[in-house]
Amino acid sequence: MTTSTKKRKTIGLENDDPHNSIFQASPSPTKDRKTYKATRSEAKYTNNSFVVLKRQLCEEQKRTVMSKFEQFLSGSKPDLLLSETLKPNQAHPEFVTQSMVNLRWELAAWDELYNRPSGQVVLAFGQNDAGQLGMPSHDTDNDAMLDGIPATAIKEMSSRHVSQTACGGMHTIALTKDGMVFSFGANDDGALGRTTSDENEEAVPARVAYMVLSKNAVSKHQCLSTQDESNEIVMVSVGASHSLFLSVSGNVYMAGMYKDIDGSGKFSDPRPKDDTDTSDEQPKGTPKGIHKVPVHCYRMPGRVKFIASGGACNAAILEDDTLVTWGMGYSGEMARSKAMIQDLEHETENRPLRVDELKEVTVSTRNDKKFFIDNIMDRCLKPKPVEWANGRTDMIVTHVSMGESHILVCARAPDEPFSRAYSAGNGSYGKLGHGNEDAVHALTLVRIIGMAMICLFWLMFIFSFP
C-alpha cells in the first residue's frame with residue numbers, strides 16, 4: 001500500500017473540498033515576456049493530423065447547425081424575414097430572437113469541443129500532498145504544502161499545447177490540443193488511468209494511453225482509428241476517484257472507481273466482453289473493482305458531445321441533446337428518481353444466502369450488506385435518461401455541471417424560447433437553489449433563476465428595437 005492510499009482514505013470528501021488544487025493554462029507568451037520565452041523551448045504539436053481533423057469537424061458541425069437556422073439567416077434583419085414554412089408559434093418575434101441565441105450557443109459549443117484555445121504554460125497552486133500539482137513532494141517544503149504553494153509552472157507540461165485541465169479529489173488530468181491526455185496525483189484507485197510504481201512517478205505528468213474501442217459500442221462514429229483512441233480525446237472530466245475521457249468519435253472511456261453508499265465498496269463501469277487488457281483488476285461481467293487503465297463505456301445509448309463528473313457519477317449530453325447519467329449516486333445527483341436505489345441492497349442477517357446468490361457483490365462489511373450485481377449493472381452503471389420534475393421527456397439540454405453530490409442542468413422545452421436552470425441531488429447548504437435543504441431526485445426548475453432569465457430576455461427583446 002502506497003502512502004497516497006492512506007492519504008486518500010483519511011481525507012473525508014464530505015467535509016473537505018475535493019477540488020483542492022487549481023490549474024490554469026496560460027496563453028502563449030508574447031513579445032513582452034522575453035525572459036520567460038528565452039528559458040524554454042517552443043511548444044510543438046505531436047499529433048498534427050488530429051489538430052487538422054478537429055478543425056475540419058468544427059467547420060462541418062458549424063455548417064450542420066447553420067442549416068438548422070437557415071430560414072432565419074436570409075437577410076440583414078432575420079427577425080423580420082420569416083419563411084412561409086414556419087409554424088405560427090415560430091413566426092413570433094420571441095421565437096425568432098431566441099433561435100438566433102440558440103444558434104450562437106450551439107456554434108460556441110462545437111468551438112469549445114473541437115476548437116478550444118490552448119496555452120503553453122500550465123500553472124498549479126494549492127495542496128500537493130498526493131502530487132496532484134504535477135510535481136514530486138520533495139519539490140516543495142512541508143510548510144508550503146500545508147498552507148498552499150504559490151503558483152508554479154509544471155515543467156513537464158511546458159512544451160505542450162494544453163487546452164483543458166480538470167481537478168479531482170486527489171488527482172489531475174490535462175488535455176492537449178492535439179488530443180493527448182496527461183495525468184498526475186494519487187493513483188491508489190486507478191484514477192490516473194496508467195500504471196505507476198511509486199508516489200514520485202505518480203506526481204510527474206505522464207501520458208494516458210491505449211483507450212480501446214469495443215466492437216459492442218452503440219456509437220459507431222469513428223474518425224481516425226478503429227481500435228486505439230487515446231490520441232483522439234477532445235474533453236475530460238474527473239470525480240473524487242475516477243476520470244472520464246471523451247473521444248472525437250463521441251465515445252467515452254473511464255478509469256478509476258466509484259465509491260458505494262457507505263464509501264467502502266469500489267465499483268466501476270463493466271469491461272466490454274472483447275476487452276483483452278490483462279492489467280486490469282476488474283473481472284469481466286462484474287461492476288466490482290477498479291480500472292487501472294481506461295475502459296470503454298460501451299453501453300452508451302448514442303454519440304456523446306459533452307461530459308461532466310460528480311463525486312462518484314457522471315453525466316453526458318448526447319448528440320440529440322438529451323442527457324444521460326450513470327455511476328453510484330444515492331442523493332439524487334443522477335436525477336434518476338428515488339426508485340433507482342429501492343431494493344438495491346440485501347440484508348444478509350434476514351436470511352442466509354443461497355448457492356445461486358454467490359454472485360452478489362459485497363460492498364460493506366461494516367453493516368453486513370450486499371448489493372445485487374444485476375441491480376448495480378442495470379440501475380446504476382448503465383447510462384440512462386434523467387427524469388424531469390415537469391414530467392417531460394423531450395427537454396433539450398444545452399449544458400450540465402456536477403458537484404460532489406448534486407447536478408445543475410441548463411435546458412429548455414422545444415416550445416420554450418430560452419433555456420432555464422434545473423437542479424437535483426443533495427440539497428444541504430441550499431446548493432440546489434430551491435430555498436430549502438431537501439434532497440431532490442428529479443431535475444427541478446430553479447425558479448429564482450428562471451424568473452431572472454425571463455426578465456433579462458424581455459429587456460433584451462424590448463431594447464433590440466428602436
# chains A, B, ... in the order shown; residues from 1 in each chain; ligands from 1
>>> residues_around(residues="A:Gln164", least_positions_apart="5", cutoff="7 Å", atoms="only C-alpha atoms", output="list of chain:residue names")
A:Ala174, A:Leu175, A:Thr176
>>> residues_around(residues="A:Ala186", least_positions_apart="2", cutoff="8 Å", atoms="only C-alpha atoms", output="PDB file with C-alpha atoms, in the first residue's frame")
ATOM      1  CA  SER A   4      -1.202   8.011  -1.256  1.00  0.00           C
ATOM      2  CA  THR A   5      -3.664   5.240  -0.410  1.00  0.00           C
ATOM      3  CA  ARG A   8      -6.927   9.287   0.236  1.00  0.00           C
ATOM      4  CA  ALA A 130      -0.639  13.487  -3.274  1.00  0.00           C
ATOM      5  CA  GLY A 131       1.318  15.065  -6.120  1.00  0.00           C
ATOM      6  CA  GLN A 132      -1.839  16.492  -7.716  1.00  0.00           C
ATOM      7  CA  MET A 170      -6.558  13.952  -5.271  1.00  0.00           C
ATOM      8  CA  HIS A 171      -5.554  13.798  -8.939  1.00  0.00           C
ATOM      9  CA  PHE A 184      -0.783  13.054 -12.135  1.00  0.00           C
ATOM     10  CA  ASP A 188      -4.275   4.052  -5.477  1.00  0.00           C
ATOM     11  CA  ASP A 189      -7.717   3.617  -7.072  1.00  0.00           C
ATOM     12  CA  ALA A 191      -7.829   7.334 -11.278  1.00  0.00           C
ATOM     13  CA  LEU A 192      -4.745   8.284 -13.334  1.00  0.00           C
ATOM     14  CA  GLU A 199       4.461   8.327  -5.453  1.00  0.00           C
ATOM     15  CA  GLU A 202       2.501   9.441  -9.837  1.00  0.00           C
ATOM     16  CA  ALA A 203       3.319  13.120  -9.250  1.00  0.00           C
TER      17      ALA A 203
END
>>> closest_residue(among="A:Met100, A:Ala442, A:Ala240, A:Val51", to="A:Ala424", atoms="only C-alpha atoms")
A:Ala442
>>> residues_around(residues="A:Lys292", least_positions_apart="6", cutoff="7 Å", atoms="only C-alpha atoms", output="VMD selection string")
chain A and resid 190 193 to 195 255 to 256 280
>>> residues_around(residues="A:Ala312", least_positions_apart="4", cutoff="9 Å", atoms="only C-alpha atoms", output="list in words")
Gly239, Ala240, Ser241, His242, Met257, Tyr258, Lys259, Asp260, Gly327, Met328, Gly329, Glu404 and Ser405 of chain A
>>> write_last_selection(atoms="C-alpha atoms", output="mmCIF file, in the first residue's frame")
data_model
loop_
_atom_site.group_PDB
_atom_site.id
_atom_site.type_symbol
_atom_site.label_atom_id
_atom_site.label_comp_id
_atom_site.auth_asym_id
_atom_site.auth_seq_id
_atom_site.Cartn_x
_atom_site.Cartn_y
_atom_site.Cartn_z
ATOM 1 C CA GLY A 239 -14.596 12.872 -9.937
ATOM 2 C CA ALA A 240 -13.354 12.029 -6.479
ATOM 3 C CA SER A 241 -11.588 8.832 -7.561
ATOM 4 C CA HIS A 242 -12.247 8.459 -11.290
ATOM 5 C CA MET A 257 -13.623 3.729 -9.432
ATOM 6 C CA TYR A 258 -16.891 4.900 -7.860
ATOM 7 C CA LYS A 259 -17.447 4.512 -4.113
ATOM 8 C CA ASP A 260 -20.689 2.954 -2.876
ATOM 9 C CA GLY A 327 -22.453 5.846 -11.591
ATOM 10 C CA MET A 328 -23.024 5.407 -7.858
ATOM 11 C CA GLY A 329 -25.270 8.274 -6.761
ATOM 12 C CA GLU A 404 -19.829 16.234 -5.249
ATOM 13 C CA SER A 405 -23.495 15.253 -4.741
#
>>> residues_around(residues="A:Asp274", least_positions_apart="4", cutoff="12 Å", atoms="only C-alpha atoms", output="MDAnalysis selection string")
chainID A and resid 212:217 227 270 278 284:285 295:296 298
>>> closest_residue(among="A:Gly425, A:Gly168, A:Gly250, A:Gly119", to="A:Lys338", atoms="only C-alpha atoms")
A:Gly425
>>> select_by_dssp(residues="stretch 119-350 of chain A", states="strand (DSSP E or B)", output="MDAnalysis selection string")
chainID A and resid 119 121:126 149:153 162:167 171:176 181:185 206:208 212 228 233:238 242:247 252:256 258:259 266:267 288 291:296 304:309 313:318 323:327 345:347
>>> closest_residue(among="A:Gly169, A:Pro117, A:Pro414, A:Ser163", to="A:Asp129", atoms="only C-alpha atoms")
A:Gly169
